[in-house]
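Note sheet for the following structure.
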Amino acid sequence: MRQTRREFLKSTALAASATSLAGVPAVARAQGGKLVVWWNKGYYPEEDIAMQKIVKEFEAKQKVEVDLSFTAQEDLLKKITAALIARRVPDVAFCFYNDWQVVPKYGWDDKLADVSDVVKELKSRYNEKMLEVAYVWNNKTKKRAYYGVPIEAQTMHIHYWRDLLREAGMEDDPAKIPLKWDEYWGYWKKAQDTLRKKDAAKYGKLYGIGMTESTRASDTLYNFEMALLSFNGELLDKNGKIVADQPKNKKAVVDTLKFFGELFTSGYVPPDATNWTDGDNNAGFHSRTLVMTPNPSQSIPAAQFFNKDDAEKKNYFDNMATIEWPDGPDGKKARYLSAVKTIIIPKDSKNQAKAKDFIKFVVEKDRFLEYIKAANGRWFPAFTDVAADPFWKEGHKGPKGQKDLHVPVATKIFLERDNKVFEHYKHPALSQVYDEFAYAKAISRIITDKWPAEKAADEMIERMKAIFAQYK
Amino acid sequence: MSRTVREGGLAPPSPVAVARRWPAVLRSPTLQGFIFTAPLLFLFAAFVLYPMLSGLYAASDPDSYRAIFGDPVFRQTVSNTLWYVIVAVNVKLVLALLLSGILDYPFVSIRVLAALFLIPWAIPALPGILSFRWMLNSQWGIFNHLLTKLGFQSVPWLAQHDTALAFVIIFHIWKYLPFWTIIFLAGRRAIPNELYEAAAIDGGGVMQNFFSITFPLLKSLYLICTLLSMVFTLGDFTVPWLLTGGAPGDTTHVLATLAYRYTFAMGRLEWGLSTFAVALPVTLLFIGMLMRWVKI
Amino acid sequence: MTMLALTIVILVWTLFPVYYMVLLSVTPTNDLFQPALYIDNPTLRSYVYTMGQDNPFVRYFWQQLLTSLTVSLWTMVLVGAIAAMGSFAMARMKFRFRRYVSGLTLFTYVIPSSFLSIPFFKLMADYDLIDTKLSLVLAMVTFATPYALWVLSDYARSLPPEIEEAGAIDGAGTVATFFYLYVPLIIPPLIAIGTYAFLYAWNEYLYALLLLTGEQHIPLPVAMSNFLTTDNAPWNLLMAVSTVYSIPPVVLYYAFKRYLVGGLVSGAVSGT
């Protein structure tokens, strides 16, 4: 009898322990009041540590428990998307993709909390140019408001190997690289030709230009829109209506597509560039199979700065440099796009007031300076008082007193050049155009399907119109 | 207590005690059947029914279909999916059937081979795909390195539609061939040896044996495997997503990756589910056939 | 001769990608981009970093490995238990509505699991199970059970009818028959489907990503995808993690190999 019962108990043991597992979190959750913060995993451990420190201070000051977790951007975007759709949300979310994939769309859908009050409070500190990125349309309330708090930005940089140019017997001083449109691109082509001729075995697979032209890399969007600006093209007017089909803009789109098509087919861009992810041009550059690559963040020099195999940081200070995007074909100085990263609060959050306090706490000058500096110049602050720190003007100092050839270039672009934020704030449909990689698809029509650029441009603009029409 | 040990069974507990514990009502076969299937039914009710119904509900909006059919990528995606499912599954299963024949030989060397052959199944998909991606890189991949060494042109494997899709299929075969080979191997071993012995007396050759004994007996297993594998492959997003991610130019999407992108990159859950609903008639047909054939 | 050639082809086909993964994991960073079939100066540095958690990418390596193990083992146990019970009912009992029960289980596969992920996520939130390993275990059990059930029922049906008869002679009830007579007989396929369930959970990425949050709580595959999404992935380190990640399933597989062949299908040939 006894034995049977024991057996019987054993049979239910599995089910029982499963229920016990279920019980624990439910109880833990029931205490409530916790502030749940999803933060983008930093590129360097120092960033995460700085953030953890901020959270500790906040907890101590506000007497509130914060549940902070770090996730890499692509995965975090999926989690935020799932959370917003399923309406099971964190209280604060900061993802590097918030600006173009979360704010416009979910602002439109009324799924984000209006944070205009926070922005207003901080207004005097802001670099005004970066603010509009979060000022998006809510289709329910039928008006615009701030649905995100901008904190930092990235822009377009071009990196190249100075030592490869030296080996090709070419001028490697960043101040002396020709900035005229055709000469500029021709320069890297020449480097490829020279190096391949010089040592076919070593440089057989070296390419002059690491231009990402892929449907799976956000770098492509950046490259395309930068070139489009160089050709004086505009896709949207200031109200978010498509003007890409106006003759002047249409021509610019065609020219831009032609530019990318020819660049690729001429054999100066690696054949894999149509399949690259955002990391592949970095990898190619680090491997020295690319002479130059455009990259919309300082991740490449920063990686070299921390290269464990290069204790003297020769690569960072001597062997590579960062320069600007070339002047347009019409001779005008390059105009830049900045991608401004924003923090959001989901509308379904039950702790909105505390969440806002948290954001304000994070961006306080000294605290935020410490956090953003931990990223080693990858980001430029959206706050003028933080940007006033000498680090942005001077960058790092070399072990032999060398000057930093990377960080100050970005600062110059942000402060002295003509630049604007990406235009998805004007209309969420543009962010869907990005999601679909409509530009890269048009480029691929030319490269793979051998379409003329005009036809590819038509298809792209038609597709844009179809996407915009879905938003009623 | 320990009276008879039968058929490898352990000593049963005191029968009288057990009989007394169960009142007559509980002896009803229907009730007992439900008790034993209760966890299954619970799983289904708690975790399958609701997601499925809410998914189908979300997919019932005709606007989503208009949107996805209007997406220029969609047609190519359907054709890729067909290629992927039909070619990958069938090539894989034919190979599995043939290989199971080789691995069935009782030599030591074959047994070692069989043991090694099954590694890809044990290796998780992610590392395998990473390894493939690195090998296929057109600049520093080993494939192109060897090709150029042998005097051939290097090929941008993952940067053109045909080769990229081909490698999605090849990876699928690499990874899952072992699993299905085991299944067929087991199937072969279940065929009574007397049948072959009888055939040997009649002087049947290898080929003849295969067509007159092995295949007829494995036929239904083969069909079940085909259907099951097709259903699994239709929903596979890991391999195409990690290997090509739809690139170049969004030409290598399959339904699963496209739906995944609609859902997670664009936040359009209803589009994602509709994309799959397009394949629903096919899966329903397959599942229906399986339900008829497979006795669970 | 053809046999030998065939053997070589099969071996190269099977092992080369694995070899290459291991090769990359012992390649020094500076040689990563020099393709070769072997390397002259292999280094275990990537493994040292991994084991010592001495790199931001692998800071929680052991914890993540443990999470993977916990989830996979629980899945294995639960799938085994549920499928054993279910198969007993399906194959050895006659009861009303049995056909419907079997139909329902296969129905799970009508929509692939990846498409159910968001509704599933929502459901788990309703049950207040988000961020618990249990939610992931339940998801894995849900999707691995139907196949396990099929395999077990199939096997069970091929067993001789004497089991119940023996039970009946001894007067043992159904529960006793199940535990003392039935379960011991289905050990081989049970091990096989346990392995299947373990591998299924060990491989899972999407559900793990959605249901668990934070570097300390995620299993290895999600952590590895974090590598890929940064734009400077240390590939040799990634491959070292890959290699370590591949070891438990391979060990499991070799430990239970003899059950796999017999266990994964059995009565299928005669059965239908």
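Residue numbering restarts at 1 for every chain of the structure tokens, chains are lettered A, B, ... in their displayed order, and ligands are numbered from 1 as they appear.
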
Sort by chain and increasing residue number a table of all residues of chain C within 8 Å of chain A, each with its closest pair of atoms and their distance in Å to one decimal, counting only C-alpha atoms, and write it as a Markdown table.
```
| residue | atom | partner | partner_atom | distance |
| --- | --- | --- | --- | --- |
| C:Leu32 | CA | A:Ser287 | CA | 7.9 |
| C:Phe33 | CA | A:Ser287 | CA | 5.8 |
| C:Pro56 | CA | A:Pro45 | CA | 5.8 |
| C:Leu78 | CA | A:Leu14 | CA | 7.4 |
| C:Ile118 | CA | A:Ala82 | CA | 6.1 |
| C:Pro119 | CA | A:Ala86 | CA | 7.4 |
| C:Phe121 | CA | A:Ala86 | CA | 7.3 |
| C:Lys122 | CA | A:Ala86 | CA | 5.1 |
| C:Ala125 | CA | A:Arg88 | CA | 6.6 |
| C:Asp128 | CA | A:Ala26 | CA | 6.1 |
| C:Leu129 | CA | A:Pro25 | CA | 7.0 |
| C:Thr132 | CA | A:Pro25 | CA | 6.9 |
| C:Leu134 | CA | A:Ala22 | CA | 6.6 |
| C:Leu209 | CA | A:Asp75 | CA | 7.2 |
| C:Leu210 | CA | A:Lys79 | CA | 5.8 |
| C:Thr213 | CA | A:Ser69 | CA | 6.7 |
| C:Gly214 | CA | A:Ser69 | CA | 4.5 |
| C:Glu215 | CA | A:Phe70 | CA | 6.3 |
| C:Asn226 | CA | A:Ala72 | CA | 5.4 |
| C:Leu228 | CA | A:Gly279 | CA | 7.7 |
| C:Thr229 | CA | A:Glu74 | CA | 6.1 |
| C:Thr230 | CA | A:Gly279 | CA | 6.7 |
| C:Asp231 | CA | A:Gly279 | CA | 3.7 |
| C:Asn232 | CA | A:Gly279 | CA | 5.7 |
| C:Ala233 | CA | A:Gly279 | CA | 7.2 |
```

For the selection you just gave me, I'd like the residues written to a file as a PDB file, in the first residue's frame, keeping N, CA and C atoms.
```pdb
ATOM      1  N   LEU C  32      43.107  35.338 -39.323  1.00  0.00           N
ATOM      2  CA  LEU C  32      41.727  34.951 -39.628  1.00  0.00           C
ATOM      3  C   LEU C  32      41.387  35.071 -41.102  1.00  0.00           C
ATOM      4  N   PHE C  33      41.961  36.071 -41.745  1.00  0.00           N
ATOM      5  CA  PHE C  33      41.544  36.339 -43.109  1.00  0.00           C
ATOM      6  C   PHE C  33      42.474  35.724 -44.149  1.00  0.00           C
ATOM      7  N   PRO C  56      34.020  40.771 -23.358  1.00  0.00           N
ATOM      8  CA  PRO C  56      32.631  41.194 -23.142  1.00  0.00           C
ATOM      9  C   PRO C  56      31.614  40.244 -23.764  1.00  0.00           C
ATOM     10  N   LEU C  78      10.320  16.291 -19.549  1.00  0.00           N
ATOM     11  CA  LEU C  78       8.876  16.477 -19.701  1.00  0.00           C
ATOM     12  C   LEU C  78       8.354  15.845 -20.974  1.00  0.00           C
ATOM     13  N   ILE C 118       4.749  35.255 -31.611  1.00  0.00           N
ATOM     14  CA  ILE C 118       4.220  36.448 -30.936  1.00  0.00           C
ATOM     15  C   ILE C 118       2.952  36.130 -30.143  1.00  0.00           C
ATOM     16  N   PRO C 119       1.966  35.427 -30.753  1.00  0.00           N
ATOM     17  CA  PRO C 119       0.831  35.022 -29.917  1.00  0.00           C
ATOM     18  C   PRO C 119       1.285  34.220 -28.692  1.00  0.00           C
ATOM     19  N   PHE C 121       4.102  34.486 -27.138  1.00  0.00           N
ATOM     20  CA  PHE C 121       4.701  35.456 -26.207  1.00  0.00           C
ATOM     21  C   PHE C 121       3.604  36.146 -25.386  1.00  0.00           C
ATOM     22  N   LYS C 122       2.553  36.537 -26.082  1.00  0.00           N
ATOM     23  CA  LYS C 122       1.442  37.209 -25.431  1.00  0.00           C
ATOM     24  C   LYS C 122       0.795  36.283 -24.395  1.00  0.00           C
ATOM     25  N   ALA C 125       2.797  35.979 -21.393  1.00  0.00           N
ATOM     26  CA  ALA C 125       2.657  37.175 -20.570  1.00  0.00           C
ATOM     27  C   ALA C 125       1.363  37.091 -19.763  1.00  0.00           C
ATOM     28  N   ASP C 128       1.807  35.201 -16.903  1.00  0.00           N
ATOM     29  CA  ASP C 128       2.861  35.794 -16.082  1.00  0.00           C
ATOM     30  C   ASP C 128       4.110  34.913 -16.025  1.00  0.00           C
ATOM     31  N   LEU C 129       4.480  34.379 -17.143  1.00  0.00           N
ATOM     32  CA  LEU C 129       5.641  33.488 -17.169  1.00  0.00           C
ATOM     33  C   LEU C 129       6.816  34.039 -17.959  1.00  0.00           C
ATOM     34  N   THR C 132      10.872  33.610 -17.449  1.00  0.00           N
ATOM     35  CA  THR C 132      11.168  32.436 -16.641  1.00  0.00           C
ATOM     36  C   THR C 132      11.594  31.323 -17.583  1.00  0.00           C
ATOM     37  N   LEU C 134      10.827  28.410 -17.264  1.00  0.00           N
ATOM     38  CA  LEU C 134       9.687  27.536 -17.449  1.00  0.00           C
ATOM     39  C   LEU C 134       8.939  27.847 -18.751  1.00  0.00           C
ATOM     40  N   LEU C 209      14.891  33.925 -27.396  1.00  0.00           N
ATOM     41  CA  LEU C 209      15.101  35.364 -27.508  1.00  0.00           C
ATOM     42  C   LEU C 209      13.910  36.135 -26.965  1.00  0.00           C
ATOM     43  N   LEU C 210      12.712  35.704 -27.356  1.00  0.00           N
ATOM     44  CA  LEU C 210      11.535  36.474 -26.980  1.00  0.00           C
ATOM     45  C   LEU C 210      11.170  36.286 -25.516  1.00  0.00           C
ATOM     46  N   THR C 213      15.136  37.534 -21.052  1.00  0.00           N
ATOM     47  CA  THR C 213      15.764  38.844 -21.242  1.00  0.00           C
ATOM     48  C   THR C 213      16.999  38.983 -20.362  1.00  0.00           C
ATOM     49  N   GLY C 214      17.997  39.611 -20.897  1.00  0.00           N
ATOM     50  CA  GLY C 214      19.172  39.935 -20.089  1.00  0.00           C
ATOM     51  C   GLY C 214      20.278  38.915 -20.260  1.00  0.00           C
ATOM     52  N   GLU C 215      21.490  39.421 -20.351  1.00  0.00           N
ATOM     53  CA  GLU C 215      22.632  38.545 -20.639  1.00  0.00           C
ATOM     54  C   GLU C 215      22.800  37.400 -19.655  1.00  0.00           C
ATOM     55  N   ASN C 226      24.058  37.598 -30.376  1.00  0.00           N
ATOM     56  CA  ASN C 226      24.528  38.920 -29.966  1.00  0.00           C
ATOM     57  C   ASN C 226      25.896  39.239 -30.560  1.00  0.00           C
ATOM     58  N   LEU C 228      26.882  38.330 -33.514  1.00  0.00           N
ATOM     59  CA  LEU C 228      26.740  38.627 -34.931  1.00  0.00           C
ATOM     60  C   LEU C 228      26.152  39.999 -35.178  1.00  0.00           C
ATOM     61  N   THR C 229      25.361  40.490 -34.220  1.00  0.00           N
ATOM     62  CA  THR C 229      24.681  41.740 -34.491  1.00  0.00           C
ATOM     63  C   THR C 229      25.547  42.946 -34.163  1.00  0.00           C
ATOM     64  N   THR C 230      26.655  42.757 -33.501  1.00  0.00           N
ATOM     65  CA  THR C 230      27.546  43.899 -33.381  1.00  0.00           C
ATOM     66  C   THR C 230      28.304  43.963 -34.693  1.00  0.00           C
ATOM     67  N   ASP C 231      28.874  45.119 -35.002  1.00  0.00           N
ATOM     68  CA  ASP C 231      29.508  45.138 -36.312  1.00  0.00           C
ATOM     69  C   ASP C 231      31.002  44.821 -36.261  1.00  0.00           C
ATOM     70  N   ASN C 232      31.465  44.314 -35.149  1.00  0.00           N
ATOM     71  CA  ASN C 232      32.850  43.854 -35.118  1.00  0.00           C
ATOM     72  C   ASN C 232      32.922  42.508 -34.423  1.00  0.00           C
ATOM     73  N   ALA C 233      32.471  41.465 -35.110  1.00  0.00           N
ATOM     74  CA  ALA C 233      32.403  40.165 -34.450  1.00  0.00           C
ATOM     75  C   ALA C 233      33.777  39.510 -34.408  1.00  0.00           C
TER      76      ALA C 233
END
```

Q) DSSP says strand (DSSP E or B) for which residues of range 168-377 of chain A? Put them as a PyMOL selection string? A) chain A and resi 207-209+236+242+290-295+320-323+336-344+346

Include C-alpha atoms and write out the residues we just selected as a PDB file, in the first residue's frame.
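Contents of again-v3.pdb, as written:
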```
ATOM      1  CA  TYR A 207      39.226  45.887 -53.275  1.00  0.00           C
ATOM      2  CA  GLY A 208      39.450  49.648 -53.361  1.00  0.00           C
ATOM      3  CA  ILE A 209      35.978  50.504 -52.074  1.00  0.00           C
ATOM      4  CA  LEU A 236       9.972  63.762 -49.354  1.00  0.00           C
ATOM      5  CA  ILE A 242       6.661  61.923 -51.901  1.00  0.00           C
ATOM      6  CA  LEU A 290      39.527  46.862 -48.418  1.00  0.00           C
ATOM      7  CA  VAL A 291      41.411  50.100 -48.886  1.00  0.00           C
ATOM      8  CA  MET A 292      38.490  52.215 -47.726  1.00  0.00           C
ATOM      9  CA  THR A 293      34.982  51.779 -46.463  1.00  0.00           C
ATOM     10  CA  PRO A 294      32.163  54.171 -45.644  1.00  0.00           C
ATOM     11  CA  ASN A 295      30.713  53.388 -42.239  1.00  0.00           C
ATOM     12  CA  MET A 320      44.471  54.509 -40.701  1.00  0.00           C
ATOM     13  CA  ALA A 321      42.514  57.704 -40.962  1.00  0.00           C
ATOM     14  CA  THR A 322      38.956  58.966 -41.136  1.00  0.00           C
ATOM     15  CA  ILE A 323      37.897  61.493 -43.744  1.00  0.00           C
ATOM     16  CA  TYR A 336      25.312  64.910 -43.972  1.00  0.00           C
ATOM     17  CA  LEU A 337      22.646  62.818 -42.425  1.00  0.00           C
ATOM     18  CA  SER A 338      22.723  62.025 -38.750  1.00  0.00           C
ATOM     19  CA  ALA A 339      20.973  59.109 -37.142  1.00  0.00           C
ATOM     20  CA  VAL A 340      19.845  60.230 -33.709  1.00  0.00           C
ATOM     21  CA  LYS A 341      19.317  57.560 -31.096  1.00  0.00           C
ATOM     22  CA  THR A 342      16.301  57.891 -28.828  1.00  0.00           C
ATOM     23  CA  ILE A 343      14.868  56.443 -25.643  1.00  0.00           C
ATOM     24  CA  ILE A 344      11.206  55.491 -25.613  1.00  0.00           C
ATOM     25  CA  PRO A 346       5.749  52.475 -24.135  1.00  0.00           C
TER      26      PRO A 346
END
```

Restrict the calculation to only C-alpha atoms, then for each residue of chain B with any atom at most 7 Å from an atom of chain C give the closest atom pair and their distance in Å to one decimal, rows by chain and rising residue number, as a tab-separated table.
```
residue	atom	partner	partner_atom	distance
B:Gly8	CA	C:Leu185	CA	7.0
B:Gly9	CA	C:Leu181	CA	4.5
B:Leu10	CA	C:Tyr180	CA	5.2
B:Ala11	CA	C:Tyr180	CA	6.7
B:Pro12	CA	C:Tyr180	CA	5.7
B:Pro15	CA	C:Ala172	CA	4.6
B:Val16	CA	C:Gly171	CA	7.0
B:Val18	CA	C:Gly173	CA	5.8
B:Ala19	CA	C:Gly173	CA	5.9
B:Pro29	CA	C:Phe95	CA	5.4
B:Thr30	CA	C:Phe95	CA	4.5
B:Gly33	CA	C:Ala89	CA	5.3
B:Phe36	CA	C:Met85	CA	5.3
B:Thr37	CA	C:Gly86	CA	4.8
B:Pro39	CA	C:Ile82	CA	6.1
B:Leu40	CA	C:Ile82	CA	6.6
B:Leu43	CA	C:Thr142	CA	6.0
B:Phe47	CA	C:Thr142	CA	6.9
B:Val48	CA	C:Thr108	CA	6.5
B:Pro51	CA	C:Pro119	CA	4.7
B:Met52	CA	C:Leu116	CA	6.7
B:Ser54	CA	C:Pro119	CA	6.7
B:Gly55	CA	C:Pro119	CA	6.5
B:Phe117	CA	C:Thr14	CA	6.0
B:Ile119	CA	C:Val250	CA	6.9
B:Pro120	CA	C:Thr14	CA	6.7
B:Ala122	CA	C:Val250	CA	5.2
B:Ile123	CA	C:Ser246	CA	5.2
B:Pro124	CA	C:Asn203	CA	5.6
B:Ala125	CA	C:Asn203	CA	6.8
B:Pro127	CA	C:Ser242	CA	5.2
B:Gly128	CA	C:Pro17	CA	6.8
B:Ser131	CA	C:Met21	CA	5.3
B:Phe132	CA	C:Pro17	CA	6.5
B:Trp140	CA	C:Phe33	CA	5.5
B:Gly141	CA	C:Pro35	CA	6.1
B:Ile142	CA	C:Pro35	CA	5.2
B:His145	CA	C:Pro35	CA	6.5
B:Ile182	CA	C:Val261	CA	5.6
B:Ile183	CA	C:Val265	CA	5.8
B:Leu185	CA	C:Val261	CA	6.9
B:Ala186	CA	C:Val261	CA	5.4
B:Gly187	CA	C:Val269	CA	5.8
B:Ala190	CA	C:Val269	CA	6.7
B:Leu217	CA	C:Val269	CA	6.2
B:Leu218	CA	C:Val269	CA	5.9
B:Ser220	CA	C:Thr272	CA	6.5
B:Leu221	CA	C:Ala268	CA	6.1
B:Gly235	CA	C:Pro112	CA	4.9
B:Leu273	CA	C:Phe115	CA	6.5
B:Thr283	CA	C:Val110	CA	5.7
B:Leu284	CA	C:Val110	CA	6.1
B:Ile287	CA	C:Val110	CA	6.7
B:Met291	CA	C:Gly103	CA	6.2
B:Trp293	CA	C:Thr272	CA	6.9
B:Ile296	CA	C:Trp150	CA	5.3
```

Q: Kindly give the distance, in Å, that separates CA of Gly194 in chain C and CA of Leu69 in chain C, rounded to a single decimal.
A: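 For CA of Gly194 in chain C relative to CA of Leu69 in chain C, the distance reads 13.4 Å.
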
Using only C-alpha atoms, determine which residues of chain A fall within 7 Å of chain B; present them as an mmCIF file with C-alpha atoms, in the first residue's frame.
```cif
data_model
loop_
_atom_site.group_PDB
_atom_site.id
_atom_site.type_symbol
_atom_site.label_atom_id
_atom_site.label_comp_id
_atom_site.auth_asym_id
_atom_site.auth_seq_id
_atom_site.Cartn_x
_atom_site.Cartn_y
_atom_site.Cartn_z
ATOM 1 C CA MET A 1 0.000 0.000 0.000
ATOM 2 C CA THR A 4 2.093 2.172 -4.263
ATOM 3 C CA LYS A 78 12.577 42.087 -31.912
ATOM 4 C CA THR A 81 8.353 44.831 -31.329
ATOM 5 C CA LYS A 205 41.428 39.788 -53.498
ATOM 6 C CA SER A 214 23.002 44.887 -49.541
ATOM 7 C CA THR A 215 19.385 44.272 -48.570
ATOM 8 C CA ARG A 216 20.414 43.110 -45.154
ATOM 9 C CA PRO A 271 31.234 40.872 -55.010
ATOM 10 C CA ASP A 272 29.873 39.928 -51.586
ATOM 11 C CA THR A 274 25.341 42.742 -52.088
ATOM 12 C CA ASN A 275 25.092 40.174 -49.324
ATOM 13 C CA GLN A 432 8.927 50.881 -43.913
ATOM 14 C CA ASP A 435 12.670 48.043 -43.651
ATOM 15 C CA ALA A 440 19.196 48.179 -52.109
ATOM 16 C CA LYS A 441 16.582 46.319 -54.092
ATOM 17 C CA SER A 444 20.221 44.948 -57.107
#
```

Q: For Leu228 in chain A, work out the shell of residues within 9 Å, counting only C-alpha atoms and skipping chain neighbours fewer than 3 positions away, then give it as a ChimeraX atom specification.
A: /A:223-225,231-234,249,252-253,255-257

Q. At what distance in Å, to one decimal, does CA of Leu103 in chain B lie from CA of Trp174 in chain B?
A.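 Taking CA of Trp174 in chain B as the start and CA of Leu103 in chain B as the end point, the length is 16.5 Å.
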
**Q.** DSSP helix (DSSP H, G or I) selection over range 164-228 of chain C, as a VMD selection string
**A.** chain C and resid 164 to 170 174 to 185 187 to 203 206 to 211 220 to 228

Using C-alpha atoms, can you write the selected residues to a file as a PDB file, in the first residue's frame?
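So the final result, stored in again_36.pdb, reads:
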```pdb
ATOM      1  CA  GLU C 164      -1.817  -5.974 -20.657  1.00  0.00           C
ATOM      2  CA  GLU C 165      -2.585  -9.631 -20.360  1.00  0.00           C
ATOM      3  CA  ALA C 166       0.197 -10.058 -17.840  1.00  0.00           C
ATOM      4  CA  GLY C 167      -1.081  -7.071 -15.972  1.00  0.00           C
ATOM      5  CA  ALA C 168      -4.588  -8.419 -16.057  1.00  0.00           C
ATOM      6  CA  ILE C 169      -3.509 -11.826 -14.750  1.00  0.00           C
ATOM      7  CA  ASP C 170      -1.734 -10.165 -11.849  1.00  0.00           C
ATOM      8  CA  THR C 174      -3.693   0.481 -15.455  1.00  0.00           C
ATOM      9  CA  VAL C 175      -1.294   2.711 -13.574  1.00  0.00           C
ATOM     10  CA  ALA C 176       0.721  -0.237 -12.339  1.00  0.00           C
ATOM     11  CA  THR C 177       0.793  -1.786 -15.781  1.00  0.00           C
ATOM     12  CA  PHE C 178       2.061   1.479 -17.162  1.00  0.00           C
ATOM     13  CA  PHE C 179       4.881   1.872 -14.663  1.00  0.00           C
ATOM     14  CA  TYR C 180       6.000  -1.694 -14.167  1.00  0.00           C
ATOM     15  CA  LEU C 181       5.313  -3.319 -17.481  1.00  0.00           C
ATOM     16  CA  TYR C 182       5.053  -0.659 -20.127  1.00  0.00           C
ATOM     17  CA  VAL C 183       7.728   1.907 -19.291  1.00  0.00           C
ATOM     18  CA  PRO C 184      10.595  -0.590 -18.966  1.00  0.00           C
ATOM     19  CA  LEU C 185       9.808  -1.863 -22.440  1.00  0.00           C
ATOM     20  CA  ILE C 187      13.223   2.605 -22.679  1.00  0.00           C
ATOM     21  CA  PRO C 188      15.109   2.545 -26.009  1.00  0.00           C
ATOM     22  CA  PRO C 189      12.739   4.828 -27.939  1.00  0.00           C
ATOM     23  CA  LEU C 190      12.298   6.909 -24.822  1.00  0.00           C
ATOM     24  CA  ILE C 191      16.014   7.610 -24.801  1.00  0.00           C
ATOM     25  CA  ALA C 192      15.888   8.377 -28.490  1.00  0.00           C
ATOM     26  CA  ILE C 193      13.105  10.894 -28.222  1.00  0.00           C
ATOM     27  CA  GLY C 194      14.698  12.311 -25.090  1.00  0.00           C
ATOM     28  CA  THR C 195      17.759  13.020 -27.193  1.00  0.00           C
ATOM     29  CA  TYR C 196      15.560  14.508 -29.874  1.00  0.00           C
ATOM     30  CA  ALA C 197      13.847  16.766 -27.347  1.00  0.00           C
ATOM     31  CA  PHE C 198      17.157  17.796 -25.821  1.00  0.00           C
ATOM     32  CA  LEU C 199      18.568  18.758 -29.211  1.00  0.00           C
ATOM     33  CA  TYR C 200      15.377  20.574 -30.119  1.00  0.00           C
ATOM     34  CA  ALA C 201      15.568  22.764 -27.042  1.00  0.00           C
ATOM     35  CA  TRP C 202      19.339  23.129 -27.252  1.00  0.00           C
ATOM     36  CA  ASN C 203      18.996  24.530 -30.772  1.00  0.00           C
ATOM     37  CA  LEU C 206      13.619  32.528 -31.491  1.00  0.00           C
ATOM     38  CA  TYR C 207      11.535  31.541 -28.490  1.00  0.00           C
ATOM     39  CA  ALA C 208      14.532  31.858 -26.221  1.00  0.00           C
ATOM     40  CA  LEU C 209      15.101  35.364 -27.508  1.00  0.00           C
ATOM     41  CA  LEU C 210      11.535  36.474 -26.980  1.00  0.00           C
ATOM     42  CA  LEU C 211      10.844  34.786 -23.678  1.00  0.00           C
ATOM     43  CA  LEU C 220      23.876  30.251 -25.522  1.00  0.00           C
ATOM     44  CA  PRO C 221      22.364  30.537 -29.024  1.00  0.00           C
ATOM     45  CA  VAL C 222      20.873  33.922 -28.208  1.00  0.00           C
ATOM     46  CA  ALA C 223      24.165  35.039 -26.729  1.00  0.00           C
ATOM     47  CA  MET C 224      25.904  33.919 -29.908  1.00  0.00           C
ATOM     48  CA  SER C 225      23.555  35.908 -32.065  1.00  0.00           C
ATOM     49  CA  ASN C 226      24.528  38.920 -29.966  1.00  0.00           C
ATOM     50  CA  PHE C 227      27.994  38.401 -31.404  1.00  0.00           C
ATOM     51  CA  LEU C 228      26.740  38.627 -34.931  1.00  0.00           C
TER      52      LEU C 228
END
```

Would you mind listing what lies within 9 Å of range 361-366 of chain A as a PDB file with C-alpha atoms, in the first residue's frame, with only C-alpha atoms counted and same-chain residues fewer than 4 positions away left out?
```
ATOM      1  CA  MET A  51      24.894  52.376 -17.179  1.00  0.00           C
ATOM      2  CA  ILE A  54      23.693  55.210 -13.186  1.00  0.00           C
ATOM      3  CA  VAL A  55      20.959  52.737 -12.318  1.00  0.00           C
ATOM      4  CA  PHE A  58      18.936  56.190  -9.370  1.00  0.00           C
ATOM      5  CA  ILE A 151      20.369  61.364 -26.648  1.00  0.00           C
ATOM      6  CA  LYS A 356      10.497  59.936 -17.221  1.00  0.00           C
ATOM      7  CA  ASP A 357      12.401  60.671 -14.035  1.00  0.00           C
ATOM      8  CA  GLU A 370      30.648  59.558 -18.370  1.00  0.00           C
ATOM      9  CA  TYR A 371      28.311  57.135 -20.087  1.00  0.00           C
ATOM     10  CA  PHE A 383      23.359  67.857 -25.719  1.00  0.00           C
ATOM     11  CA  ASP A 385      26.916  71.029 -22.829  1.00  0.00           C
ATOM     12  CA  VAL A 386      28.137  67.431 -23.117  1.00  0.00           C
TER      13      VAL A 386
END
```

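We find CA of Gln216 in chain C and CA of Lys61 in chain A to be spaced 25.5 Å apart.
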
Q.
Would you pick out the contacts of Lys420 in chain A at 12 Å or less, using only C-alpha atoms, so that residues sharing its chain but fewer than 6 positions from it are not included, and give the list as a count of residues only?
A. 23
